[in-house]
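J.: Dropping in protein39.cif, with mmCIF, C-alpha atoms.
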data_target
loop_
_atom_site.group_PDB
_atom_site.id
_atom_site.type_symbol
_atom_site.label_atom_id
_atom_site.label_comp_id
_atom_site.auth_asym_id
_atom_site.auth_seq_id
_atom_site.Cartn_x
_atom_site.Cartn_y
_atom_site.Cartn_z
ATOM 1 C CA MET A 1 -24.329 -138.757 215.551
ATOM 2 C CA VAL A 2 -22.601 -140.694 212.852
ATOM 3 C CA TYR A 3 -23.129 -139.590 209.349
ATOM 4 C CA GLY A 4 -22.476 -141.770 206.343
ATOM 5 C CA LEU A 5 -19.589 -140.847 204.118
ATOM 6 C CA PHE A 6 -20.315 -140.340 200.434
ATOM 7 C CA ILE A 7 -17.356 -140.774 198.144
ATOM 8 C CA MET A 8 -17.806 -139.145 194.776
ATOM 9 C CA LYS A 9 -16.312 -141.220 191.999
ATOM 10 C CA LYS A 10 -14.536 -139.347 189.247
ATOM 11 C CA ILE A 11 -16.383 -139.382 185.938
ATOM 12 C CA ASN A 12 -13.925 -139.613 183.068
ATOM 13 C CA LYS A 13 -14.821 -137.513 180.038
ATOM 14 C CA VAL A 14 -14.607 -139.479 176.790
ATOM 15 C CA ILE A 15 -14.294 -138.159 173.234
ATOM 16 C CA SER A 16 -14.517 -140.491 170.246
ATOM 17 C CA PHE A 17 -12.473 -139.791 167.108
ATOM 18 C CA VAL A 18 -13.786 -141.724 164.088
ATOM 19 C CA ASP A 19 -11.701 -142.331 160.960
ATOM 20 C CA GLY A 20 -14.595 -142.295 158.498
ATOM 21 C CA PHE A 21 -12.897 -143.917 155.510
ATOM 22 C CA ASN A 22 -11.237 -146.612 157.609
ATOM 23 C CA LEU A 23 -14.591 -147.576 159.091
ATOM 24 C CA TYR A 24 -16.568 -147.230 155.851
ATOM 25 C CA HIS A 25 -14.286 -149.479 153.818
ATOM 26 C CA SER A 26 -14.276 -152.102 156.560
ATOM 27 C CA ILE A 27 -18.096 -152.120 156.581
ATOM 28 C CA ARG A 28 -18.049 -152.324 152.794
ATOM 29 C CA GLU A 29 -15.842 -155.433 153.082
ATOM 30 C CA LEU A 30 -18.424 -157.001 155.383
ATOM 31 C CA GLY A 31 -20.825 -156.841 152.451
ATOM 32 C CA LEU A 32 -18.558 -158.816 150.110
ATOM 33 C CA ASP A 33 -17.826 -162.521 150.006
ATOM 34 C CA LYS A 34 -14.368 -164.039 149.386
ATOM 35 C CA ASP A 35 -14.851 -163.503 145.633
ATOM 36 C CA LYS A 36 -15.752 -159.836 146.246
ATOM 37 C CA LYS A 37 -19.393 -160.441 145.318
ATOM 38 C CA PRO A 38 -22.127 -158.587 147.263
ATOM 39 C CA ILE A 39 -23.716 -160.387 150.204
ATOM 40 C CA PRO A 40 -27.463 -159.713 150.641
ATOM 41 C CA ASN A 41 -28.622 -157.716 153.677
ATOM 42 C CA LYS A 42 -25.299 -156.072 154.522
ATOM 43 C CA ASN A 43 -25.492 -152.630 152.900
ATOM 44 C CA HIS A 44 -27.660 -151.219 155.693
ATOM 45 C CA LEU A 45 -24.652 -151.452 158.023
ATOM 46 C CA LYS A 46 -23.274 -148.317 156.329
ATOM 47 C CA TRP A 47 -26.100 -146.362 158.012
ATOM 48 C CA VAL A 48 -24.370 -146.826 161.374
ATOM 49 C CA ASP A 49 -25.020 -144.533 164.333
ATOM 50 C CA LEU A 50 -21.538 -143.432 165.399
ATOM 51 C CA TRP A 51 -22.687 -142.078 168.752
ATOM 52 C CA CYS A 52 -24.261 -145.419 169.609
ATOM 53 C CA LEU A 53 -21.234 -147.339 168.324
ATOM 54 C CA SER A 54 -18.780 -145.174 170.263
ATOM 55 C CA SER A 55 -20.806 -145.556 173.449
ATOM 56 C CA ARG A 56 -20.209 -149.320 173.327
ATOM 57 C CA TYR A 57 -16.546 -148.627 174.099
ATOM 58 C CA ALA A 58 -17.233 -146.036 176.792
ATOM 59 C CA ASN A 59 -19.659 -148.148 178.804
ATOM 60 C CA LYS A 60 -18.127 -148.051 182.283
ATOM 61 C CA GLU A 61 -19.894 -146.263 185.128
ATOM 62 C CA SER A 62 -16.828 -144.047 185.468
ATOM 63 C CA GLN A 63 -16.989 -142.922 181.820
ATOM 64 C CA LYS A 64 -19.185 -140.389 180.062
ATOM 65 C CA LEU A 65 -19.145 -139.963 176.284
ATOM 66 C CA ILE A 66 -19.318 -136.222 175.693
ATOM 67 C CA ARG A 67 -18.423 -135.816 172.001
ATOM 68 C CA VAL A 68 -18.064 -137.850 168.803
ATOM 69 C CA LEU A 69 -15.947 -136.424 165.976
ATOM 70 C CA TYR A 70 -16.363 -137.929 162.513
ATOM 71 C CA PHE A 71 -13.543 -137.324 160.008
ATOM 72 C CA SER A 72 -14.225 -137.850 156.305
ATOM 73 C CA ALA A 73 -14.437 -136.142 152.902
ATOM 74 C CA PHE A 74 -16.984 -135.931 150.099
ATOM 75 C CA ALA A 75 -16.319 -137.639 146.769
ATOM 76 C CA THR A 76 -18.008 -134.795 144.885
ATOM 77 C CA TRP A 77 -17.341 -136.256 141.421
ATOM 78 C CA LEU A 78 -19.505 -139.322 142.165
ATOM 79 C CA SER A 79 -23.108 -138.144 142.281
ATOM 80 C CA GLY A 80 -24.620 -141.214 143.956
ATOM 81 C CA PRO A 81 -22.063 -141.691 146.748
ATOM 82 C CA TYR A 82 -21.847 -137.921 147.244
ATOM 83 C CA SER A 83 -25.606 -137.656 147.765
ATOM 84 C CA ARG A 84 -25.706 -140.623 150.162
ATOM 85 C CA HIS A 85 -22.713 -139.348 152.115
ATOM 86 C CA ARG A 86 -24.279 -135.909 152.583
ATOM 87 C CA LYS A 87 -27.469 -137.519 153.896
ATOM 88 C CA TYR A 88 -25.439 -139.655 156.260
ATOM 89 C CA VAL A 89 -23.540 -136.659 157.618
ATOM 90 C CA LYS A 90 -26.808 -134.797 158.109
ATOM 91 C CA ALA A 91 -28.251 -137.743 160.023
ATOM 92 C CA LEU A 92 -25.127 -138.006 162.191
ATOM 93 C CA GLN A 93 -25.157 -134.288 162.965
ATOM 94 C CA LYS A 94 -28.758 -134.572 164.109
ATOM 95 C CA ARG A 95 -27.547 -137.347 166.418
ATOM 96 C CA GLY A 96 -24.970 -134.952 167.887
ATOM 97 C CA VAL A 97 -21.916 -136.102 165.939
ATOM 98 C CA GLU A 98 -19.486 -133.397 164.758
ATOM 99 C CA PHE A 99 -18.294 -133.607 161.139
ATOM 100 C CA ILE A 100 -14.675 -132.660 160.441
ATOM 101 C CA LYS A 101 -14.390 -132.290 156.678
ATOM 102 C CA GLY A 102 -11.301 -133.241 154.695
ATOM 103 C CA GLN A 103 -10.910 -133.186 150.936
ATOM 104 C CA PHE A 104 -9.857 -135.108 147.865
ATOM 105 C CA LYS A 105 -7.153 -133.764 145.568
ATOM 106 C CA ASP A 106 -6.804 -134.410 141.864
ATOM 107 C CA LYS A 107 -3.786 -136.482 140.989
ATOM 108 C CA GLU A 108 -2.624 -137.234 137.464
ATOM 109 C CA ARG A 109 -2.005 -140.923 136.898
ATOM 110 C CA GLU A 110 -0.319 -142.781 134.068
ATOM 111 C CA CYS A 111 -0.457 -146.370 132.850
ATOM 112 C CA LYS A 112 3.114 -147.683 132.766
ATOM 113 C CA THR A 113 2.197 -150.166 130.051
ATOM 114 C CA CYS A 114 0.346 -148.062 127.484
ATOM 115 C CA GLY A 115 1.213 -144.533 128.568
ATOM 116 C CA ALA A 116 -2.446 -143.477 128.940
ATOM 117 C CA THR A 117 -3.057 -140.727 131.481
ATOM 118 C CA TRP A 118 -6.090 -139.788 133.551
ATOM 119 C CA VAL A 119 -6.983 -137.750 136.588
ATOM 120 C CA GLY A 120 -7.489 -139.743 139.779
ATOM 121 C CA HIS A 121 -8.558 -138.610 143.220
ATOM 122 C CA GLU A 122 -6.593 -138.993 146.422
ATOM 123 C CA GLU A 123 -8.075 -138.428 149.840
ATOM 124 C CA LYS A 124 -6.121 -135.899 151.880
ATOM 125 C CA GLU A 125 -6.184 -134.405 155.369
ATOM 126 C CA THR A 126 -8.199 -137.031 157.278
ATOM 127 C CA ASP A 127 -5.322 -138.578 159.238
ATOM 128 C CA VAL A 128 -3.769 -135.137 159.742
ATOM 129 C CA ASN A 129 -7.100 -133.750 160.959
ATOM 130 C CA ILE A 130 -7.530 -136.615 163.408
ATOM 131 C CA GLY A 131 -4.003 -136.176 164.766
ATOM 132 C CA ILE A 132 -4.400 -132.408 165.140
ATOM 133 C CA HIS A 133 -7.756 -132.706 166.898
ATOM 134 C CA LEU A 134 -6.490 -135.454 169.210
ATOM 135 C CA LEU A 135 -3.587 -133.242 170.280
ATOM 136 C CA ASN A 136 -5.676 -130.094 170.505
ATOM 137 C CA GLU A 137 -8.335 -131.685 172.711
ATOM 138 C CA ALA A 138 -5.634 -133.272 174.894
ATOM 139 C CA TYR A 139 -3.927 -129.901 175.435
ATOM 140 C CA LYS A 140 -7.289 -128.306 176.208
ATOM 141 C CA ASN A 141 -7.890 -131.137 178.711
ATOM 142 C CA SER A 142 -11.233 -131.821 177.007
ATOM 143 C CA PHE A 143 -11.022 -135.563 177.653
ATOM 144 C CA ASP A 144 -9.687 -138.057 180.151
ATOM 145 C CA HIS A 145 -10.150 -141.002 177.804
ATOM 146 C CA ALA A 146 -10.188 -141.022 173.999
ATOM 147 C CA ILE A 147 -11.674 -143.608 171.677
ATOM 148 C CA LEU A 148 -9.841 -143.781 168.357
ATOM 149 C CA ILE A 149 -11.802 -145.762 165.777
ATOM 150 C CA SER A 150 -9.091 -146.443 163.227
ATOM 151 C CA ALA A 151 -6.310 -148.834 162.292
ATOM 152 C CA ASP A 152 -4.161 -146.220 160.550
ATOM 153 C CA SER A 153 -0.528 -146.414 161.673
ATOM 154 C CA ASP A 154 -0.038 -142.789 160.552
ATOM 155 C CA LEU A 155 -1.818 -141.760 163.766
ATOM 156 C CA SER A 156 0.860 -143.399 165.934
ATOM 157 C CA PRO A 157 3.045 -140.250 166.354
ATOM 158 C CA ALA A 158 0.107 -138.201 167.655
ATOM 159 C CA VAL A 159 -0.886 -140.959 170.089
ATOM 160 C CA LYS A 160 2.729 -141.360 171.291
ATOM 161 C CA LEU A 161 3.045 -137.616 171.926
ATOM 162 C CA ILE A 162 -0.199 -137.499 173.910
ATOM 163 C CA LYS A 163 0.834 -140.489 176.033
ATOM 164 C CA LYS A 164 4.246 -138.922 176.672
ATOM 165 C CA THR A 165 2.885 -135.459 177.501
ATOM 166 C CA PHE A 166 -0.265 -136.579 179.325
ATOM 167 C CA PRO A 167 0.486 -140.059 180.737
ATOM 168 C CA SER A 168 -2.741 -140.151 182.761
ATOM 169 C CA LYS A 169 -4.900 -139.873 179.650
ATOM 170 C CA LEU A 170 -6.056 -143.193 178.199
ATOM 171 C CA ILE A 171 -6.472 -143.812 174.482
ATOM 172 C CA TYR A 172 -8.386 -146.861 173.326
ATOM 173 C CA VAL A 173 -7.694 -147.953 169.752
ATOM 174 C CA VAL A 174 -10.874 -149.492 168.353
ATOM 175 C CA ILE A 175 -10.208 -151.569 165.237
ATOM 176 C CA PRO A 176 -12.887 -151.696 162.505
ATOM 177 C CA PRO A 177 -13.929 -155.186 161.345
ATOM 178 C CA LYS A 178 -11.893 -156.948 158.655
ATOM 179 C CA VAL A 179 -9.060 -154.446 159.050
ATOM 180 C CA LYS A 180 -5.547 -155.583 159.938
ATOM 181 C CA PRO A 181 -4.638 -154.017 163.288
ATOM 182 C CA SER A 182 -1.670 -151.654 163.341
ATOM 183 C CA LYS A 183 0.756 -152.974 165.970
ATOM 184 C CA GLU A 184 2.525 -149.619 165.958
ATOM 185 C CA LEU A 185 -0.704 -147.744 166.751
ATOM 186 C CA ILE A 186 -1.736 -150.200 169.464
ATOM 187 C CA GLN A 187 1.716 -150.068 171.072
ATOM 188 C CA ALA A 188 1.593 -146.262 171.003
ATOM 189 C CA ALA A 189 -1.639 -146.414 173.016
ATOM 190 C CA GLY A 190 -0.036 -148.684 175.609
ATOM 191 C CA GLY A 191 -0.557 -152.197 174.305
ATOM 192 C CA TYR A 192 -3.359 -154.598 173.498
ATOM 193 C CA GLN A 193 -5.161 -153.946 176.795
ATOM 194 C CA PHE A 194 -5.999 -150.576 175.258
ATOM 195 C CA SER A 195 -7.366 -151.994 172.005
ATOM 196 C CA ARG A 196 -10.841 -153.187 171.130
ATOM 197 C CA ASN A 197 -12.302 -154.864 168.045
ATOM 198 C CA ILE A 198 -15.555 -153.835 166.405
ATOM 199 C CA LYS A 199 -17.735 -156.828 165.617
ATOM 200 C CA GLU A 200 -20.387 -156.880 162.932
ATOM 201 C CA SER A 201 -22.970 -157.465 165.671
ATOM 202 C CA HIS A 202 -21.918 -154.182 167.338
ATOM 203 C CA ILE A 203 -22.631 -152.283 164.139
ATOM 204 C CA ALA A 204 -25.909 -154.117 163.544
ATOM 205 C CA LYS A 205 -27.162 -152.953 166.938
ATOM 206 C CA CYS A 206 -26.298 -149.312 166.185
ATOM 207 C CA ILE A 207 -28.236 -148.452 163.030
ATOM 208 C CA LEU A 208 -29.766 -145.006 162.553
ATOM 209 C CA PRO A 209 -33.542 -144.749 162.033
ATOM 210 C CA ALA A 210 -34.855 -144.815 158.461
ATOM 211 C CA GLU A 211 -36.179 -141.277 158.954
ATOM 212 C CA ILE A 212 -34.581 -138.505 160.998
ATOM 213 C CA THR A 213 -36.988 -135.813 162.155
ATOM 214 C CA ASN A 214 -36.715 -132.562 164.084
ATOM 215 C CA GLN A 215 -38.406 -131.772 167.392
ATOM 216 C CA TYR A 216 -41.621 -130.953 165.541
ATOM 217 C CA GLY A 217 -41.729 -134.260 163.720
ATOM 218 C CA GLN A 218 -40.694 -132.736 160.402
ATOM 219 C CA LEU A 219 -38.512 -134.909 158.177
ATOM 220 C CA ILE A 220 -34.838 -133.870 158.157
ATOM 221 C CA VAL A 221 -33.308 -136.723 156.198
ATOM 222 C CA LYS A 222 -34.482 -140.070 154.882
ATOM 223 C CA ARG A 223 -32.203 -143.084 154.643
ATOM 224 C CA PRO A 224 -31.017 -143.706 151.046
ATOM 225 C CA ARG A 225 -32.850 -146.693 149.564
ATOM 226 C CA GLU A 226 -29.460 -148.295 148.844
ATOM 227 C CA TYR A 227 -29.039 -148.606 152.613
ATOM 228 C CA ASP A 228 -32.434 -150.176 153.269
ATOM 229 C CA PRO A 229 -32.196 -153.607 154.908
ATOM 230 C CA ALA A 230 -32.900 -156.451 152.486
ATOM 231 C CA LEU A 231 -36.288 -158.065 152.839
ATOM 232 C CA GLN A 232 -36.172 -161.433 154.541
#
How does this structure look as structure tokens?

T.:
Amino acid sequence: MVYGLFIMKKINKVISFVDGFNLYHSIRELGLDKDKKPIPNKNHLKWVDLWCLSSRYANKESQKLIRVLYFSAFATWLSGPYSRHRKYVKALQKRGVEFIKGQFKDKERECKTCGATWVGHEEKETDVNIGIHLLNEAYKNSFDHAILISADSDLSPAVKLIKKTFPSKLIYVVIPPKVKPSKELIQAAGGYQFSRNIKESHIAKCILPAEITNQYGQLIVKRPREYDPALQ
């Protein structure tokens, strides 16, 4: 008797690493015209489902998206953005996204013209956190392929080290819209064949529901009204 042979294809584990500020500011730019004036019906794009978006770049039969890590920090001194950001994180976590929290640090600034001083805020730790987690998950062999949603050249050293130490692991650099690609970062990943570009249409097809509920139908978080789609 002749039995058919079944060849099991390897399923490559994929982890997505999302640079929250890089993506957020690019989406914010989508909502502004050339004179930096708001464009109607764009603000809802900030309510993007990062699991859905990441899955668009891990869509081969041989790939399985197993985790999405979202790196960002809360601007606690701005009540409105802080509240919206917390709701967004809560919605993402319900979707299965892991939140890696960075922080802002106070930084004294001075006007060179008039000498006035004030306290500004500078985001810290995000790029370091992404680099550390990329390396850590590579050494733990948690992924075969990584999706890096960022255009930050500061991540190039971490990507270079992973490619040198684990040459079989693939890293895809996914560039947010309206962001200038980092040639250094793309080259570290292996060249342009390992880069992708996020289109506005990709984001528009990956919007979280207006209401996030638990398994019992109880409301967990409601989309901020500032992120409601504009009425047509």

J.: For Val179 (chain A), please output as JSON, numbers by chain all residues within 8 Å (counting all atoms listed in the file; exclusion window: fewer than 4 positions along the same chain).

T.: {"A": [26, 151, 175]}

J.: Using all atoms listed in the file, can you tell me which of A:Glu123, A:Pro177, A:Gly31, A:Ala73 comes closest to Ile203 (chain A)?

T.: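 Distance minimum relative to Ile203 (chain A) lands on A:Pro177.
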
J.: Of the candidates A:Arg56, A:Arg28, A:Lys13, A:Arg223, which one gets nearest to His85 (chain A) if we count all atoms listed in the file?

T.: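 The closest residue to His85 (chain A) is A:Arg223.
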
J.: Given the point (-26.6, -150.8, 161.2) in the coordinates of this file, which residues lie within 7 Å, counting only C-alpha atoms, and how would they look as a JSON list (two decimals) with C-alpha atoms, in the coordinates of the input?

T.:
[["chain", "number", "residue", "atom", "x", "y", "z"],
["A", 44, "HIS", "CA", -27.66, -151.22, 155.69],
["A", 45, "LEU", "CA", -24.65, -151.45, 158.02],
["A", 46, "LYS", "CA", -23.27, -148.32, 156.33],
["A", 47, "TRP", "CA", -26.10, -146.36, 158.01],
["A", 48, "VAL", "CA", -24.37, -146.83, 161.37],
["A", 203, "ILE", "CA", -22.63, -152.28, 164.14],
["A", 204, "ALA", "CA", -25.91, -154.12, 163.54],
["A", 205, "LYS", "CA", -27.16, -152.95, 166.94],
["A", 206, "CYS", "CA", -26.30, -149.31, 166.18],
["A", 207, "ILE", "CA", -28.24, -148.45, 163.03],
["A", 208, "LEU", "CA", -29.77, -145.01, 162.55]]

J.: Please measure the separation of CA of Ala58 (chain A) and CA of Val14 (chain A), giving the value in Å to one decimal.

T.: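 Here the two named atoms are 7.1 Å from each other.
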
J.: Evaluate the PyMOL selection byres ((chain A and resi 97) around 10) on the structure here and hand back the selected residues as a VMD selection string.

T.: chain A and resid 16 49 to 51 67 to 70 89 to 96 98 to 100

J.: Taking only C-alpha atoms into account, name the residue in A:Gln218, A:Lys178, A:Lys160, A:Ser150 that is nearest to Lys199 (chain A).

T.: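 Counting only C-alpha atoms, the residue closest to Lys199 (chain A) is A:Lys178.
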
J.: Point out the residue among A:Tyr57, A:Lys42, A:Lys222, A:Phe71 with the least atom-to-atom distance to Ile171 (chain A), counting all atoms listed in the file.

T.: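 Among A:Tyr57, A:Lys42, A:Lys222, A:Phe71, it is A:Tyr57 that comes nearest to Ile171 (chain A).
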